[in-house]
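**Student:** Hey, dropping coords_4.csv in here, CSV, C-alpha atoms:
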```csv
chain,number,residue,atom,x,y,z
A,4,MET,CA,51.8,106.1,107.9
A,5,THR,CA,48.7,104.0,107.8
A,6,GLY,CA,49.0,100.6,109.5
A,7,ALA,CA,52.6,101.1,110.6
A,8,GLY,CA,51.8,101.9,114.3
A,9,PHE,CA,53.9,103.8,116.8
A,10,ALA,CA,56.4,101.8,118.8
A,11,VAL,CA,58.5,102.4,121.9
A,12,TYR,CA,61.7,100.4,122.4
A,13,VAL,CA,63.3,100.2,125.9
A,14,HIS,CA,66.9,98.9,126.1
A,15,TRP,CA,68.1,97.2,129.3
A,16,PRO,CA,71.9,96.7,128.6
A,17,PHE,CA,72.8,94.2,131.3
A,18,CYS,CA,73.4,90.4,131.1
A,19,LEU,CA,74.6,87.8,133.5
A,20,SER,CA,77.3,86.9,130.9
A,21,LYS,CA,78.3,87.8,127.4
A,22,CYS,CA,77.3,85.1,124.9
A,23,PRO,CA,80.1,84.3,122.4
A,24,TYR,CA,77.9,85.0,119.3
A,25,CYS,CA,76.4,88.2,120.5
A,26,ASP,CA,77.3,91.7,119.1
A,27,PHE,CA,74.4,93.5,120.8
A,28,ASN,CA,75.0,96.4,123.2
A,29,SER,CA,75.1,94.2,126.3
A,30,HIS,CA,77.3,94.4,129.4
A,31,VAL,CA,78.1,92.4,132.5
A,32,ARG,CA,78.0,94.3,135.8
A,33,GLU,CA,78.4,93.0,139.3
A,34,SER,CA,75.6,95.3,140.6
A,35,VAL,CA,73.0,97.7,139.1
A,36,ASP,CA,71.3,100.6,140.9
A,37,HIS,CA,67.8,99.7,139.9
A,38,GLU,CA,66.2,102.8,141.3
A,39,ARG,CA,68.6,105.1,139.4
A,40,TRP,CA,68.0,103.2,136.2
A,41,ARG,CA,64.2,103.4,136.6
A,42,ALA,CA,64.4,107.1,137.1
A,43,ALA,CA,66.7,107.6,134.1
A,44,LEU,CA,64.5,105.6,131.8
A,45,ILE,CA,61.5,107.7,132.9
A,46,ARG,CA,63.4,111.0,132.3
A,47,GLU,CA,64.3,109.9,128.8
A,48,ILE,CA,60.7,109.0,128.0
A,49,ASP,CA,59.8,112.5,129.1
A,50,HIS,CA,62.4,114.0,126.8
A,51,ALA,CA,61.3,111.8,123.8
A,52,ALA,CA,57.7,112.8,124.3
A,53,GLU,CA,58.4,116.5,124.6
A,54,ILE,CA,61.2,116.9,121.9
A,55,GLU,CA,61.4,113.9,119.6
A,56,ALA,CA,57.8,112.6,119.1
A,57,PRO,CA,55.4,115.1,120.7
A,58,ASN,CA,52.6,114.3,118.2
A,59,ALA,CA,53.0,110.6,118.1
A,60,GLY,CA,50.8,108.0,119.8
A,61,PRO,CA,49.0,106.2,121.0
A,62,ALA,CA,51.7,103.5,121.4
A,63,THR,CA,50.8,100.3,119.6
A,64,SER,CA,53.7,98.5,121.1
A,65,ILE,CA,56.3,98.6,123.8
A,66,PHE,CA,59.3,96.3,123.6
A,67,PHE,CA,61.8,95.7,126.5
A,68,GLY,CA,64.9,94.4,124.8
A,69,GLY,CA,68.6,94.0,125.6
A,70,GLY,CA,70.7,92.7,127.1
A,71,THR,CA,68.5,90.8,129.3
A,72,PRO,CA,65.5,92.9,130.4
A,73,SER,CA,64.1,90.1,132.6
A,74,LEU,CA,67.0,91.0,134.9
A,75,MET,CA,65.3,94.4,135.6
A,76,GLN,CA,62.9,94.7,138.5
A,77,PRO,CA,59.2,94.3,137.5
A,78,ALA,CA,58.6,97.6,139.2
A,79,THR,CA,60.8,99.2,136.5
A,80,ALA,CA,58.7,97.7,133.7
A,81,GLU,CA,55.6,98.9,135.4
A,82,ALA,CA,56.9,102.4,135.8
A,83,VAL,CA,58.0,102.6,132.2
A,84,ILE,CA,54.6,101.3,130.9
A,85,ALA,CA,52.8,103.9,133.1
A,86,ARG,CA,54.9,106.7,131.8
A,87,VAL,CA,54.5,105.7,128.1
A,88,ALA,CA,50.7,105.6,128.8
A,89,ASP,CA,50.8,109.0,130.4
A,90,ARG,CA,52.9,110.6,127.6
A,91,TRP,CA,51.5,109.0,124.5
A,92,GLY,CA,48.6,106.9,125.5
A,93,LEU,CA,48.3,103.2,124.8
A,94,ALA,CA,46.3,101.6,122.0
A,95,ALA,CA,43.4,99.4,123.2
A,96,ASP,CA,45.3,96.3,121.9
A,97,VAL,CA,48.8,97.5,122.8
A,98,GLU,CA,51.4,94.7,122.6
A,99,ILE,CA,53.9,94.9,125.5
A,100,THR,CA,56.8,92.4,125.0
A,101,LEU,CA,59.6,91.5,127.4
A,102,GLU,CA,62.7,89.6,126.3
A,103,ALA,CA,63.7,87.0,128.9
A,104,ASN,CA,66.2,84.3,129.4
A,105,PRO,CA,64.8,80.9,130.5
A,106,THR,CA,66.9,80.5,133.6
A,107,SER,CA,65.0,79.3,136.6
A,108,VAL,CA,65.5,82.6,138.5
A,109,GLU,CA,64.2,84.7,135.6
A,110,ALA,CA,61.3,82.4,134.8
A,111,ALA,CA,60.2,82.7,138.4
A,112,LYS,CA,59.7,86.4,137.9
A,113,LEU,CA,57.4,86.1,134.9
A,114,ALA,CA,54.2,86.2,137.0
A,115,ASP,CA,55.4,89.5,138.5
A,116,PHE,CA,56.1,90.9,135.0
A,117,ARG,CA,52.6,89.8,133.9
A,118,ALA,CA,51.2,91.8,136.9
A,119,ALA,CA,53.4,94.8,135.9
A,120,GLY,CA,51.6,95.0,132.5
A,121,ILE,CA,53.7,92.8,130.2
A,122,ASN,CA,51.3,90.9,127.9
A,123,ARG,CA,53.8,89.1,125.6
A,124,VAL,CA,57.1,87.4,126.4
A,125,SER,CA,60.0,86.4,124.1
A,126,LEU,CA,62.3,83.7,125.5
A,127,GLY,CA,65.9,83.3,124.4
A,128,VAL,CA,66.0,79.5,124.3
A,129,GLN,CA,68.5,79.3,121.3
A,130,ALA,CA,68.8,75.5,121.3
A,131,LEU,CA,67.1,72.4,122.6
A,132,ASP,CA,70.1,70.3,123.4
A,133,ASP,CA,72.5,70.8,126.2
A,134,GLU,CA,75.8,70.5,124.2
A,135,SER,CA,74.7,73.3,121.9
A,136,LEU,CA,73.6,75.4,124.8
A,137,ARG,CA,77.0,75.1,126.4
A,138,ALA,CA,78.7,75.9,123.1
A,139,LEU,CA,76.5,79.0,122.7
A,140,GLY,CA,77.5,80.2,126.3
A,141,ARG,CA,73.9,79.9,127.6
A,142,GLN,CA,73.3,79.6,131.3
A,143,HIS,CA,70.3,77.2,131.1
A,144,ASP,CA,69.8,73.6,130.0
A,145,ALA,CA,67.2,72.3,127.5
A,146,ALA,CA,64.9,71.0,130.3
A,147,GLY,CA,64.9,74.3,132.1
A,148,ALA,CA,64.2,76.1,128.8
A,149,LEU,CA,61.2,74.0,128.0
A,150,GLN,CA,59.9,74.5,131.6
A,151,ALA,CA,60.2,78.2,131.1
A,152,VAL,CA,58.3,78.1,127.8
A,153,ARG,CA,55.5,76.2,129.6
A,154,THR,CA,55.5,78.8,132.4
A,155,ALA,CA,55.2,81.5,129.8
A,156,ALA,CA,52.4,79.6,128.0
A,157,ARG,CA,50.5,79.4,131.3
A,158,LEU,CA,50.9,83.1,132.1
A,159,PHE,CA,50.7,84.9,128.8
A,160,ASP,CA,48.2,84.7,125.9
A,161,ARG,CA,51.1,85.4,123.5
A,162,TYR,CA,54.6,84.1,123.8
A,163,SER,CA,57.5,83.4,121.5
A,164,PHE,CA,60.9,81.8,121.8
A,165,ASP,CA,64.1,82.0,119.7
A,166,LEU,CA,66.3,79.2,118.2
A,167,ILE,CA,69.6,79.5,116.4
A,168,TYR,CA,70.4,77.1,113.6
A,169,ALA,CA,73.4,76.5,111.3
A,170,ARG,CA,75.3,75.8,114.5
A,171,PRO,CA,78.7,74.1,114.4
A,172,GLY,CA,78.2,70.4,113.5
A,173,GLN,CA,74.5,70.7,113.1
A,174,THR,CA,72.9,68.3,110.6
A,175,ALA,CA,69.8,68.6,108.6
A,176,ALA,CA,68.2,65.6,110.4
A,177,ALA,CA,69.0,67.1,113.8
A,178,TRP,CA,67.5,70.4,112.9
A,179,ARG,CA,64.3,68.8,111.6
A,180,GLU,CA,64.0,67.0,114.9
A,181,GLU,CA,64.7,70.1,116.9
A,182,LEU,CA,62.0,72.0,114.9
A,183,ASP,CA,59.5,69.3,115.6
A,184,ARG,CA,60.2,69.6,119.4
A,185,ALA,CA,59.9,73.4,119.2
A,186,LEU,CA,56.6,73.2,117.4
A,187,ALA,CA,55.2,71.0,120.1
A,188,GLU,CA,55.8,73.8,122.6
A,189,ALA,CA,55.1,76.8,120.4
A,190,GLY,CA,52.4,79.4,120.8
A,191,ASP,CA,51.7,81.8,117.9
A,192,HIS,CA,55.3,82.8,117.1
A,193,LEU,CA,58.8,81.5,116.7
A,194,SER,CA,62.0,83.3,115.8
A,195,LEU,CA,64.5,81.1,114.0
A,196,TYR,CA,67.9,82.8,113.3
A,197,GLN,CA,70.8,81.5,111.2
A,198,LEU,CA,74.0,81.8,113.1
A,199,THR,CA,76.2,84.6,111.8
A,200,ILE,CA,79.8,85.2,112.8
A,201,GLU,CA,79.8,88.9,113.8
A,202,PRO,CA,83.0,91.0,114.1
A,203,GLY,CA,83.9,91.8,117.7
A,204,THR,CA,82.5,88.6,119.1
A,205,ALA,CA,84.3,85.7,120.7
A,206,PHE,CA,83.0,83.4,118.0
A,207,HIS,CA,84.6,85.7,115.4
A,208,THR,CA,88.0,85.4,117.1
A,209,MET,CA,87.6,81.6,117.3
A,210,HIS,CA,86.5,81.3,113.7
A,211,ARG,CA,89.4,83.4,112.5
A,212,ARG,CA,91.8,81.1,114.4
A,213,GLY,CA,90.3,78.0,112.9
A,214,GLU,CA,88.8,77.0,116.3
A,215,LEU,CA,85.2,77.2,115.2
A,216,THR,CA,83.7,75.6,112.1
A,217,VAL,CA,80.2,76.5,110.9
A,218,PRO,CA,78.2,74.9,108.1
A,219,ASP,CA,79.3,76.0,104.6
A,220,GLU,CA,77.0,78.2,102.4
A,221,ASP,CA,75.3,75.2,100.8
A,222,SER,CA,74.6,73.5,104.0
A,223,ALA,CA,73.3,76.6,105.6
A,224,ALA,CA,71.0,77.2,102.6
A,225,THR,CA,69.7,73.6,103.1
A,226,LEU,CA,68.9,74.3,106.7
A,227,TYR,CA,67.2,77.5,105.8
A,228,GLU,CA,65.0,75.7,103.2
A,229,ILE,CA,64.2,73.0,105.8
A,230,THR,CA,63.1,75.8,108.2
A,231,GLN,CA,60.8,77.3,105.6
A,232,ASP,CA,59.2,74.0,104.6
A,233,VAL,CA,58.7,72.6,108.1
A,234,MET,CA,57.3,75.8,109.5
A,235,ALA,CA,54.9,76.4,106.6
A,236,ALA,CA,53.7,72.8,106.7
A,237,ASN,CA,52.8,73.4,110.4
A,238,GLY,CA,50.8,76.6,109.9
A,239,MET,CA,53.6,79.0,110.9
A,240,PRO,CA,55.0,80.4,107.7
A,241,ALA,CA,57.7,83.1,107.6
A,242,TYR,CA,56.3,86.6,107.6
A,243,GLU,CA,59.8,87.9,107.8
A,244,ILE,CA,63.2,86.3,107.0
A,245,SER,CA,63.7,84.9,110.5
A,246,ASN,CA,60.3,85.2,112.1
A,247,HIS,CA,57.3,82.7,111.8
A,248,ALA,CA,53.8,83.1,113.1
A,249,ARG,CA,50.3,81.7,112.9
A,250,ALA,CA,47.8,84.2,111.4
A,251,GLY,CA,47.5,87.2,113.8
A,252,GLY,CA,50.5,86.1,115.8
A,253,GLU,CA,53.1,88.4,114.1
A,254,SER,CA,55.1,90.7,116.4
A,255,ARG,CA,53.4,94.1,116.0
A,256,HIS,CA,56.4,95.9,117.4
A,257,ASN,CA,58.8,94.5,114.8
A,258,LEU,CA,56.2,95.1,112.0
A,259,THR,CA,56.4,98.8,112.9
A,260,TYR,CA,60.1,98.7,112.1
A,261,TRP,CA,59.7,96.7,108.9
A,262,ARG,CA,56.9,98.9,107.7
A,263,TYR,CA,59.0,102.0,108.5
A,264,GLY,CA,56.6,103.4,111.1
A,265,ASN,CA,57.5,105.9,113.8
A,266,TYR,CA,59.4,104.6,116.8
A,267,VAL,CA,61.4,106.0,119.7
A,268,GLY,CA,64.3,104.3,121.4
A,269,ILE,CA,64.8,104.6,125.2
A,270,GLY,CA,68.0,103.5,127.0
A,271,PRO,CA,71.7,103.2,126.0
A,272,GLY,CA,72.4,102.6,122.4
A,273,ALA,CA,68.7,102.7,121.4
A,274,HIS,CA,67.7,104.1,118.0
A,275,GLY,CA,64.6,105.9,116.9
A,276,ARG,CA,63.0,107.1,113.6
A,277,VAL,CA,60.3,109.8,113.6
A,278,SER,CA,58.6,111.1,110.5
A,279,ALA,CA,56.5,114.3,110.6
A,280,GLY,CA,55.7,117.0,108.0
A,281,GLY,CA,57.3,115.0,105.2
A,282,GLU,CA,60.7,114.8,107.0
A,283,THR,CA,62.3,111.9,108.9
A,284,THR,CA,64.7,112.3,111.8
A,285,ALA,CA,67.0,109.6,113.2
A,286,PHE,CA,67.9,109.6,116.9
A,287,CYS,CA,70.5,107.5,118.6
A,288,ARG,CA,71.5,107.3,122.3
A,289,HIS,CA,75.0,106.9,123.7
A,290,ARG,CA,75.9,103.2,123.9
A,291,ALA,CA,78.0,103.1,127.2
A,292,PRO,CA,75.6,102.5,130.1
A,293,GLU,CA,77.5,104.6,132.6
A,294,ARG,CA,78.0,107.5,130.2
A,295,TRP,CA,74.3,107.3,129.3
A,296,LEU,CA,73.3,107.6,132.9
A,297,ASP,CA,75.6,110.6,133.4
A,298,LEU,CA,74.0,112.3,130.4
A,299,ILE,CA,70.6,111.7,131.8
A,300,ALA,CA,71.7,113.4,135.0
A,301,GLU,CA,73.2,116.3,133.0
A,302,ASN,CA,70.7,116.8,130.2
A,303,GLY,CA,67.6,114.7,130.9
A,304,HIS,CA,68.4,112.4,128.0
A,305,GLY,CA,71.2,110.3,126.6
A,306,SER,CA,70.9,111.4,123.0
A,307,GLY,CA,73.7,112.0,120.5
A,308,GLU,CA,73.0,114.3,117.5
A,309,ALA,CA,69.5,114.1,115.9
A,310,LEU,CA,70.2,113.6,112.2
A,311,PRO,CA,67.8,114.3,109.3
A,312,VAL,CA,67.2,111.3,107.0
A,313,ASP,CA,67.3,112.6,103.4
A,314,PRO,CA,64.8,111.3,100.8
A,315,THR,CA,67.3,109.0,99.1
A,316,GLN,CA,68.3,107.4,102.4
A,317,ARG,CA,64.7,107.2,103.6
A,318,MET,CA,63.7,105.4,100.4
A,319,ALA,CA,66.6,102.9,100.8
A,320,GLU,CA,65.7,102.2,104.4
A,321,ILE,CA,62.0,101.6,103.5
A,322,LEU,CA,63.1,99.1,100.8
A,323,MET,CA,65.7,97.4,103.1
A,324,MET,CA,63.2,97.0,105.9
A,325,GLY,CA,60.1,96.2,103.8
A,326,LEU,CA,61.8,93.5,101.6
A,327,ARG,CA,62.5,91.5,104.7
A,328,LEU,CA,58.8,90.9,104.9
A,329,THR,CA,57.1,88.1,103.0
A,330,GLY,CA,54.4,90.7,102.0
A,331,GLY,CA,57.1,93.1,100.9
A,332,VAL,CA,56.8,96.9,100.4
A,333,ASP,CA,53.2,98.0,100.1
A,334,ARG,CA,52.7,100.3,97.1
A,335,ALA,CA,50.3,102.7,98.7
A,336,ARG,CA,52.4,103.0,101.9
A,337,PHE,CA,55.6,103.6,99.9
A,338,ALA,CA,53.9,106.5,98.0
A,339,GLU,CA,52.7,107.9,101.3
A,340,GLN,CA,56.1,107.7,102.9
A,341,THR,CA,58.2,109.0,99.9
A,342,GLY,CA,55.9,110.9,97.6
A,343,MET,CA,57.0,108.6,94.8
A,344,GLN,CA,55.7,105.6,92.9
A,345,LEU,CA,57.7,102.4,93.2
A,346,GLU,CA,58.6,102.2,89.5
A,347,SER,CA,60.0,105.8,89.4
A,348,ALA,CA,62.0,105.2,92.6
A,349,LEU,CA,63.9,102.2,91.3
A,350,ASN,CA,66.5,101.4,88.7
A,351,THR,CA,64.2,99.9,86.0
A,352,ARG,CA,66.9,97.8,84.4
A,353,ARG,CA,68.1,96.3,87.6
A,354,LEU,CA,64.6,95.7,88.8
A,355,ALA,CA,63.8,93.9,85.5
A,356,ASP,CA,67.0,91.8,85.9
A,357,LEU,CA,66.1,90.7,89.4
A,358,ALA,CA,62.5,90.0,88.5
A,359,GLU,CA,63.7,87.9,85.5
A,360,GLU,CA,65.9,85.9,87.8
A,361,ASN,CA,63.0,85.3,90.2
A,362,PHE,CA,64.4,87.3,93.1
A,363,LEU,CA,61.9,90.1,93.0
A,364,ALA,CA,58.2,90.5,92.1
A,365,LEU,CA,56.4,93.8,91.4
A,366,ASP,CA,52.7,93.9,91.1
A,367,GLU,CA,49.6,96.0,92.0
A,368,ALA,CA,50.1,95.3,95.7
A,369,GLY,CA,53.8,96.4,95.8
A,370,LEU,CA,57.3,95.0,95.6
A,371,ARG,CA,58.4,91.9,97.4
A,372,ALA,CA,61.4,89.5,97.4
A,373,THR,CA,60.7,85.9,96.4
A,374,ALA,CA,61.7,83.1,98.6
A,375,ASP,CA,65.0,82.9,96.7
A,376,GLY,CA,65.4,86.6,97.0
A,377,ARG,CA,64.9,86.7,100.7
A,378,GLN,CA,67.7,84.1,101.1
A,379,ARG,CA,70.0,86.5,99.3
A,380,LEU,CA,68.6,89.8,100.5
A,381,ASN,CA,71.8,91.6,101.3
A,382,ALA,CA,73.3,91.0,97.8
A,383,LEU,CA,69.9,91.7,96.2
A,384,LEU,CA,69.6,95.1,97.9
A,385,ALA,CA,73.2,96.0,97.1
A,386,HIS,CA,72.4,95.4,93.4
A,387,LEU,CA,69.0,97.2,93.5
A,388,LEU,CA,70.1,100.3,95.4
A,389,ASN,CA,73.6,101.0,94.1
```
Take the structure from the file and write it as structure tokens.
**Tutor:**
Amino acid sequence: MTGAGFAVYVHWPFCLSKCPYCDFNSHVRESVDHERWRAALIREIDHAAEIEAPNAGPATSIFFGGGTPSLMQPATAEAVIARVADRWGLAADVEITLEANPTSVEAAKLADFRAAGINRVSLGVQALDDESLRALGRQHDAAGALQAVRTAARLFDRYSFDLIYARPGQTAAAWREELDRALAEAGDHLSLYQLTIEPGTAFHTMHRRGELTVPDEDSAATLYEITQDVMAANGMPAYEISNHARAGGESRHNLTYWRYGNYVGIGPGAHGRVSAGGETTAFCRHRAPERWLDLIAENGHGSGEALPVDPTQRMAEILMMGLRLTGGVDRARFAEQTGMQLESALNTRRLADLAEENFLALDEAGLRATADGRQRLNALLAHLLN
């Protein structure tokens, strides 16, 4: 899969507290046995290298996600990086990202993570005003977040931070001002996510009870359009629905997902996709941290069943991931991955309808969603694939 890369995702499932909007596999624990966790992650890397992806590599990216991986000991990150290097090798320009919260305690550890081999950091800032941060359940204030961003800028050549928009009560003018403040601190990348109310979260319960009001669909669309306009005007256009970068600043790790490259997932709840010999296999780890640890002790890995991805599902996944990108689904890569041409793989009538409505465009380069299409991607994909 030319140009897609090989990625290793490492999940650290622990947080200091559970944010009310978060539906990720994250958990709060009073204490963590760091040495046991370090050993378990190493054992699962060994299993993945021997059984799941023995012919992959070198790794073009490693991503420590969570949860809050900046709560792990830097020695754990260093040991994981060394084991990935030993098992698969590292590309000369490997991207190694750590997600971090901008609390003062975690920011103080960034230099140690840099020494451990991390070369890119992604900070979960989420908002630049204190009232919004409290509402989002964050444990930092805006001043502390900006200080952490500046620390990251001093220590790392590449850094990013996240903001959430379409927050309760947020106005277009306030979001423009917040974007301007973010751009003044930005490096080569920003992630700007529209707030969604996910089932199982505290926000979902509050919303259902009428205790939480978010911008309506039209207001959220206006905020999305402001985001696109402001970021493009400042040299950081969207390369994916929620991700913006200067030229060359794109997240190589996430591009591997969106281009349907090979990747393995390490840690509780982590997913992987590995293609070899014309077949793709999906891997998923057990979600519960303690159960995952027990399975490592029993079996050397925390995997559930490895499932084959049939050609129809693989094609759908390639389209679902690729159409998130501004550049869309590359024609040559699609043929390499599926053995089919784009035109023969799609419902011609529905494709024509979506193109006529200016939601999709098909040309010599491939298939891509327009700006209007990306704003309605879930509905577009449901129509295109069903």
**Student:** Which residues, protein or nucleic acid, reach to within 9 Å of (80.5, 89.7, 121.1) in the file's coordinates when using only C-alpha atoms, and can you give that as a ChimeraX atom specification?
**Tutor:** /A:21-29,201-207
**Student:** Just the selected residues (C-alpha atoms), exported as a PDB file, in the frame of the given file, please.
**Tutor:**
```pdb
ATOM      1  CA  LYS A  21      78.300  87.800 127.400  1.00  0.00           C
ATOM      2  CA  CYS A  22      77.300  85.100 124.900  1.00  0.00           C
ATOM      3  CA  PRO A  23      80.100  84.300 122.400  1.00  0.00           C
ATOM      4  CA  TYR A  24      77.900  85.000 119.300  1.00  0.00           C
ATOM      5  CA  CYS A  25      76.400  88.200 120.500  1.00  0.00           C
ATOM      6  CA  ASP A  26      77.300  91.700 119.100  1.00  0.00           C
ATOM      7  CA  PHE A  27      74.400  93.500 120.800  1.00  0.00           C
ATOM      8  CA  ASN A  28      75.000  96.400 123.200  1.00  0.00           C
ATOM      9  CA  SER A  29      75.100  94.200 126.300  1.00  0.00           C
ATOM     10  CA  GLU A 201      79.800  88.900 113.800  1.00  0.00           C
ATOM     11  CA  PRO A 202      83.000  91.000 114.100  1.00  0.00           C
ATOM     12  CA  GLY A 203      83.900  91.800 117.700  1.00  0.00           C
ATOM     13  CA  THR A 204      82.500  88.600 119.100  1.00  0.00           C
ATOM     14  CA  ALA A 205      84.300  85.700 120.700  1.00  0.00           C
ATOM     15  CA  PHE A 206      83.000  83.400 118.000  1.00  0.00           C
ATOM     16  CA  HIS A 207      84.600  85.700 115.400  1.00  0.00           C
TER      17      HIS A 207
END
```
**Student:** I need the residue nearest A:Tyr162 from this list: A:Leu328, A:Ala248, A:Ala176, A:Ala59. Use all atoms listed in the file for the distance.
**Tutor:**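 Closest candidate: A:Ala248.
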**Student:** I want to know what sits within 9 Å of A:Met234, based on only C-alpha atoms, with residues of the same chain fewer than 4 positions away left out; could you give that as a list in words?
**Tutor:**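 Near neighbours after the sequence-gap exclusion: Leu182, Leu186, Ile229, Thr230, Gly238, Met239, Pro240, Ala241, His247 and Ala248 of chain A.
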**Student:** Need the shell around A:Asp160: protein/DNA/RNA residues with any atom at most 12 Å away, counting all atoms listed in the file. Skip same-chain ones fewer than 3 positions apart. Format as a list of chain:residue names?
**Tutor:** A:Glu98, A:Ile99, A:Thr100, A:Arg117, A:Ile121, A:Asn122, A:Arg123, A:Val124, A:Arg153, A:Thr154, A:Ala155, A:Ala156, A:Arg157, A:Ser163, A:Ala189, A:Gly190, A:Asp191, A:His192, A:Gly252
**Student:** What gap, in Å, lies between atom CA of A:Gln316 and atom CA of A:Phe337?
**Tutor:**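 Computed distance, atom CA of A:Gln316 to atom CA of A:Phe337, equals 13.5 Å.
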**Student:** Using all atoms listed in the file, find the one residue out of A:Ala62, A:Leu226, A:Asn302, A:Gly270 that sits nearest to A:Phe17.
**Tutor:** A:Gly270
**Student:** Take atom CA of A:Val11 and atom CA of A:Val128 and report the distance between them in Å, one decimal.
**Tutor:** 24.2 Å
**Student:** Have a look at atom CA of A:Val312 and atom CA of A:Gly342 and let me know their distance in Å, one decimal.
**Tutor:**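 A separation of 14.7 Å between them.
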**Student:** Which residue out of A:Ala56, A:Trp15, A:Arg371, A:Leu136 has the minimum interatomic distance to A:Trp40 when all atoms listed in the file are used?
**Tutor:**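 Selected residue with least distance to A:Trp40: A:Trp15.
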**Student:** List the spatial neighbours of A:Glu359 as a PyMOL selection string - criterion: any atom at most 12 Å away, only C-alpha atoms, same-chain residues fewer than 6 positions off excluded.
**Tutor:** chain A and resi 352-353+365+373+376
**Student:** Within 12 Å of A:Thr225, counting all atoms listed in the file, which residues qualify if same-chain residues fewer than 5 places away don't, as a compact mmCIF listing (two decimals) with C-alpha atoms, keeping the file's coordinate frame?
**Tutor:**
```txt
# COMPACT_ATOMS: atom_id res chain seq x y z
CA TYR A 168 70.40 77.10 113.60
CA ALA A 169 73.40 76.50 111.30
CA GLN A 173 74.50 70.70 113.10
CA THR A 174 72.90 68.30 110.60
CA ALA A 175 69.80 68.60 108.60
CA ALA A 176 68.20 65.60 110.40
CA TRP A 178 67.50 70.40 112.90
CA ARG A 179 64.30 68.80 111.60
CA GLN A 197 70.80 81.50 111.20
CA PRO A 218 78.20 74.90 108.10
CA ASP A 219 79.30 76.00 104.60
CA GLU A 220 77.00 78.20 102.40
CA THR A 230 63.10 75.80 108.20
CA GLN A 231 60.80 77.30 105.60
CA ASP A 232 59.20 74.00 104.60
CA GLN A 378 67.70 84.10 101.10
```
**Student:** Using only C-alpha atoms, which of the listed residues (A:Phe286, A:Phe67, A:Tyr227, A:Tyr263) sits closest to A:Glu339?
**Tutor:**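 For A:Glu339, the nearest of the candidates is A:Tyr263.
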**Student:** Which of these, A:Arg255, A:His143, A:Arg379, A:His386, has the shortest distance to A:Ala355 once you count only C-alpha atoms?
**Tutor:**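 Ranking A:Arg255, A:His143, A:Arg379, A:His386 by distance to A:Ala355, first place goes to A:His386.
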**Student:** Please list as an mmCIF file with C-alpha atoms, in the coordinates of the input every residue within 9 Å of A:Tyr196, counting only C-alpha atoms and excluding residues in the same chain fewer than 4 positions away.
**Tutor:**
```cif
data_model
loop_
_atom_site.group_PDB
_atom_site.id
_atom_site.type_symbol
_atom_site.label_atom_id
_atom_site.label_comp_id
_atom_site.auth_asym_id
_atom_site.auth_seq_id
_atom_site.Cartn_x
_atom_site.Cartn_y
_atom_site.Cartn_z
ATOM 1 C CA GLN A 129 68.500 79.300 121.300
ATOM 2 C CA ASP A 165 64.100 82.000 119.700
ATOM 3 C CA LEU A 166 66.300 79.200 118.200
ATOM 4 C CA ILE A 167 69.600 79.500 116.400
ATOM 5 C CA TYR A 168 70.400 77.100 113.600
ATOM 6 C CA ALA A 169 73.400 76.500 111.300
ATOM 7 C CA ILE A 244 63.200 86.300 107.000
ATOM 8 C CA SER A 245 63.700 84.900 110.500
ATOM 9 C CA ASN A 246 60.300 85.200 112.100
#
```
**Student:** Mind listing as a list in words all residues within 12 Å of (52.3, 102.1, 93.9), counting all atoms listed in the file?
**Tutor:**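 The residues that fall inside the cut-off are Val332, Asp333, Arg334, Ala335, Arg336, Phe337, Ala338, Glu339, Gln340, Thr341, Gly342, Met343, Gln344, Leu345, Glu346, Ser347, Ala348, Leu349, Leu365, Asp366, Glu367, Ala368, Gly369 and Leu370 of chain A.
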**Student:** For A:Trp295, which residue out of A:Gly331, A:Ala43, A:Glu109, A:Val31 is the nearest one, using all atoms listed in the file?
**Tutor:**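 Ranked by minimum distance to A:Trp295, first place goes to A:Ala43.
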**Student:** Kindly output stretch 29-36 of chain A as an mmCIF file, keeping the file's coordinate frame, after building N, CA and C atoms.
**Tutor:**
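Saved result, part_25.cif, follows:
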```
data_model
loop_
_atom_site.group_PDB
_atom_site.id
_atom_site.type_symbol
_atom_site.label_atom_id
_atom_site.label_comp_id
_atom_site.auth_asym_id
_atom_site.auth_seq_id
_atom_site.Cartn_x
_atom_site.Cartn_y
_atom_site.Cartn_z
ATOM 1 N N SER A 29 75.361 94.895 125.033
ATOM 2 C CA SER A 29 75.100 94.200 126.300
ATOM 3 C C SER A 29 76.353 94.182 127.138
ATOM 4 N N HIS A 30 76.175 94.259 128.447
ATOM 5 C CA HIS A 30 77.300 94.400 129.400
ATOM 6 C C HIS A 30 77.053 93.602 130.624
ATOM 7 N N VAL A 31 78.132 93.132 131.233
ATOM 8 C CA VAL A 31 78.100 92.400 132.500
ATOM 9 C C VAL A 31 78.498 93.343 133.619
ATOM 10 N N ARG A 32 77.680 93.477 134.644
ATOM 11 C CA ARG A 32 78.000 94.300 135.800
ATOM 12 C C ARG A 32 77.727 93.527 137.077
ATOM 13 N N GLU A 33 78.562 93.739 138.083
ATOM 14 C CA GLU A 33 78.400 93.000 139.300
ATOM 15 C C GLU A 33 77.101 93.498 140.060
ATOM 16 N N SER A 34 76.780 94.768 139.909
ATOM 17 C CA SER A 34 75.600 95.300 140.600
ATOM 18 C C SER A 34 74.992 96.402 139.719
ATOM 19 N N VAL A 35 73.692 96.620 139.877
ATOM 20 C CA VAL A 35 73.000 97.700 139.100
ATOM 21 C C VAL A 35 72.110 98.433 140.138
ATOM 22 N N ASP A 36 72.165 99.747 140.053
ATOM 23 C CA ASP A 36 71.300 100.600 140.900
ATOM 24 C C ASP A 36 69.945 100.717 140.206
#
```
